[in-house]
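Since the structure comes first, as C-alpha cells, the remarks are kept for the end.
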Amino acid sequence: MTNEDARSTRPLRSVAVLGASNISLGMPQLAQALDRAGCARCTFACGHGRSFGLRSSIPLRVLGALREVPLLDELDALDAALLADVGNDLVYGVAPMRILEWVEECIERLSARGARVVVAGPPLESLARLTPARYAVAKGVLFPFHALTRDDALRGIAELHAGLAASCARRGLAYVAPPARWYGLDPIHVRRACRQEWARGLVAAMQGMDSPPPPSRAPRWSFGDWSRLRLLRPEREVVCGIERRGAGRTKLSTGLEVRCQ
C-alpha cells in the first residue's frame with residue numbers, strides 16, 4: 001500500500017458487525033483483520049441461523065432478531081459497520097422485500113451513529129451453479145426442516161442481490177458481491193481456506209479501499225486469543241429454554257476489545 005493509499009484509508013477504531021453463520025464461523029479471521037487495521041473495539045451480533053427480523057432458533061438455542069440488538073441504539077460513534085448473511089431469512093419464508101426493509105432499517109440506524117456501512121451480498125454466484133441434485137443434498141444438510149425449493153431460493157437470492165445493490169448504490173455504500181470461488185460443496189458458507197481473503201476484503205471495504213492490501217506481517221495471535229474468540233458467546237441467549245446472560249466480551253492480548261451480542 002502506498003503512502004497516498006494510507007492517507008486515504010479510513011480509520012477503524014470502532015466497528016459493528018451483524019450477520020449469521022458466516023460471521024460466527026469467520027469471527028476470528030474478521031477480528032484479526034480488524035485488529036491489523038488498527039481497530040480498538042468491535043461488536044459482533046451473529047449466530048447460526050440468526051434472522052434480521054425474526055426470533056430464530058436452532059436446536060437448543062434461541063437468539064433475538066438482529067434489528068433488535070442493543071448496538072443499533074448505543075450512543076457512541078462508529079467508524080464502520082458490516083451487514084452480512086442477508087439471504088438467511090429466505091429459509092424462514094420471509095419475502096425479499098420484507099428482508100430489504102429490515103436491512104435498510106439497520107443501515108439507517110448504523111449510519112445515524114456515523115458508521116460507514118458495508119453490505120456483503122448473498123452468495124448468488126455460488127447458488128446459481130447448483131444443480132437440482134446438489135441443491136437437494138445441500139438443503140437436506142443445511143436446512144432440512146424448511147420447504148424452500150431451488151427455484152424459490154434462486155429467485156429470492158437474485159431479488160435480494162438486486163435490491164441490496166440498488167440500495168447501496170443509492171446511498172453511496174460499498175456492496176461486496178461474494179465470488180463463487182469462496183464456496184465449495186457447501187454453497188452458502190465461505191470455505192475455511194478462503195476466510196482470510198474474505199475477511200481482508202470486507203475490512204478493506206470498511207476502510208474505503210477498492211481492494212485489500214497484501215497480507216501484513218503483523219505478529220501472530222496467541223492460541224489464547226483464538227480460543228477466547230471461538231468460545232465467546234452472546235450477552236443474552238436462550239439455551240434449552242433457559243435464558244443465559246454472560247459478559248459477552250473479551251479483550252485480546254493485542255488490546256482489541258471484542259463484544260458479542
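Here, A, B, ... name the chains of the C-alpha cells in the order displayed, residue numbers run from 1 inside each chain, and ligands are numbered from 1 in the same displayed order.
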Do a neighbour search on stretch 45-50 of chain A at 8 Å with only C-alpha atoms, toss out local chain neighbours closer than 5 positions, and write the hits as a list of chain:residue names.
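Answer for this query is A:Ala16, A:Val17, A:Leu18, A:Gly19, A:Ala20, A:Ser21, A:Asn22, A:Ile23, A:Ser24, A:Arg55, A:Ser56, A:Ser57, A:Ile58, A:Leu63, A:Gly64, A:Ala65, A:Leu66, A:Val69, A:Asn88, A:Pro234, A:Cys260, A:Gln261.
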Store the residues of this selection in a file with C-alpha atoms, as a short mmCIF file (atom, residue, chain, number, x, y, z; two decimals), in the first residue's frame.
data_model
loop_
_atom_site.label_atom_id
_atom_site.label_comp_id
_atom_site.auth_asym_id
_atom_site.auth_seq_id
_atom_site.Cartn_x
_atom_site.Cartn_y
_atom_site.Cartn_z
CA ALA A 16 -20.03 -3.22 14.39
CA VAL A 17 -20.68 -6.49 12.52
CA LEU A 18 -24.12 -8.07 12.05
CA GLY A 19 -24.72 -11.45 10.44
CA ALA A 20 -25.43 -15.13 10.94
CA SER A 21 -23.34 -18.27 10.45
CA ASN A 22 -20.64 -16.87 8.16
CA ILE A 23 -19.87 -14.18 10.72
CA SER A 24 -19.87 -16.73 13.56
CA ARG A 55 -36.51 -14.51 16.67
CA SER A 56 -34.61 -17.51 15.36
CA SER A 57 -33.96 -20.91 16.82
CA ILE A 58 -31.84 -23.90 16.05
CA LEU A 63 -31.42 -15.68 19.53
CA GLY A 64 -33.25 -12.39 19.07
CA ALA A 65 -33.55 -10.57 15.75
CA LEU A 66 -30.55 -8.58 14.55
CA VAL A 69 -29.65 -5.85 19.13
CA ASN A 88 -30.60 -16.32 5.63
CA PRO A 234 -23.67 -13.54 23.08
CA CYS A 260 -20.79 -10.35 21.17
CA GLN A 261 -24.49 -9.57 21.22
#
Per residue of stretch 136-232 of chain A within 10 Å of stretch 112-119 of chain A, note the shortest atom pair and the distance in Å to one decimal, counting only C-alpha atoms, and order the rows by chain and increasing residue number, as CSV.
residue,atom,partner,partner_atom,distance
A:Leu164,CA,A:Val119,CA,7.8
A:Ala165,CA,A:Val119,CA,8.7
A:Ser167,CA,A:Val119,CA,9.9
A:Cys168,CA,A:Val119,CA,7.7
A:Arg171,CA,A:Val117,CA,9.7
A:Gly172,CA,A:Val117,CA,9.5
A:Leu173,CA,A:Val118,CA,6.2
A:Ala174,CA,A:Val118,CA,5.0
A:Tyr175,CA,A:Val119,CA,5.0
A:Val176,CA,A:Val119,CA,6.2
A:Ala177,CA,A:Val119,CA,8.7
A:Leu202,CA,A:Val118,CA,7.8
A:Val203,CA,A:Val118,CA,9.2
A:Ala205,CA,A:Val118,CA,6.7
A:Met206,CA,A:Val118,CA,6.1
A:Gln207,CA,A:Arg116,CA,8.4
A:Gly208,CA,A:Arg116,CA,8.5
Neighbouring residues of A:Ala133 were defined as those with any atom within 12 Å, considering only C-alpha atoms; residues of the same chain fewer than 6 positions away were excluded. Please report them as a PyMOL selection string.
chain A and resi 139-140+149-150
With N, CA and C atoms kept, could you save the residues just selected as a compact mmCIF listing (two decimals), in the first residue's frame?
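See out14.txt below for the written result:
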# COMPACT_ATOMS: atom_id res chain seq x y z
N LYS A 139 -29.68 -28.69 0.86
CA LYS A 139 -30.87 -28.37 1.66
C LYS A 139 -31.06 -29.39 2.77
N GLY A 140 -30.87 -30.66 2.44
CA GLY A 140 -31.04 -31.70 3.44
C GLY A 140 -30.07 -31.58 4.60
N THR A 149 -37.78 -24.32 -2.07
CA THR A 149 -37.38 -25.03 -3.29
C THR A 149 -36.20 -24.32 -3.93
N ARG A 150 -35.53 -25.03 -4.83
CA ARG A 150 -34.38 -24.45 -5.53
C ARG A 150 -34.80 -23.22 -6.33
I need the alpha helix (DSSP H) residues of stretch 24-217 of chain A per DSSP on the backbone, written as a ChimeraX atom specification.
/A:24-36,96-112,124-128,132-142,150-171,195-206
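DSSP, applied to the backbone of this structure, assigns strand (DSSP E or B) to the following residues of stretch 16-136 of chain A: Ala16, Val17, Leu18, Arg41, Cys42, Thr43, Phe44, Ala45, Ser56, Ser57, Ile58, Arg61, Val62, Leu63, Ala80, Ala81, Leu82, Leu83, Arg116, Val117, Val118, Val119 and Ala120 of chain A.
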Kindly export the residues of the current selection with C-alpha atoms, as a PDB file, in the first residue's frame.
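Once everything was written out, this is out-v8.pdb:
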ATOM      1  CA  ALA A  16     -20.031  -3.221  14.389  1.00  0.00           C
ATOM      2  CA  VAL A  17     -20.677  -6.487  12.522  1.00  0.00           C
ATOM      3  CA  LEU A  18     -24.121  -8.071  12.049  1.00  0.00           C
ATOM      4  CA  ARG A  41     -13.285  -2.107  19.684  1.00  0.00           C
ATOM      5  CA  CYS A  42     -15.524  -4.424  17.644  1.00  0.00           C
ATOM      6  CA  THR A  43     -19.049  -5.548  18.462  1.00  0.00           C
ATOM      7  CA  PHE A  44     -20.416  -8.679  16.783  1.00  0.00           C
ATOM      8  CA  ALA A  45     -24.096  -9.622  16.608  1.00  0.00           C
ATOM      9  CA  SER A  56     -34.605 -17.508  15.360  1.00  0.00           C
ATOM     10  CA  SER A  57     -33.956 -20.914  16.819  1.00  0.00           C
ATOM     11  CA  ILE A  58     -31.839 -23.905  16.052  1.00  0.00           C
ATOM     12  CA  ARG A  61     -30.608 -22.252  21.228  1.00  0.00           C
ATOM     13  CA  VAL A  62     -32.721 -19.125  20.549  1.00  0.00           C
ATOM     14  CA  LEU A  63     -31.425 -15.681  19.530  1.00  0.00           C
ATOM     15  CA  ALA A  80     -17.765   1.373  10.181  1.00  0.00           C
ATOM     16  CA  ALA A  81     -20.322  -1.415  10.178  1.00  0.00           C
ATOM     17  CA  LEU A  82     -20.791  -4.627   8.208  1.00  0.00           C
ATOM     18  CA  LEU A  83     -24.073  -6.369   7.378  1.00  0.00           C
ATOM     19  CA  ARG A 116     -19.577   3.735   7.033  1.00  0.00           C
ATOM     20  CA  VAL A 117     -21.836   0.768   6.269  1.00  0.00           C
ATOM     21  CA  VAL A 118     -20.714  -2.106   4.051  1.00  0.00           C
ATOM     22  CA  VAL A 119     -23.148  -4.795   2.880  1.00  0.00           C
ATOM     23  CA  ALA A 120     -21.908  -8.280   1.971  1.00  0.00           C
TER      24      ALA A 120
END
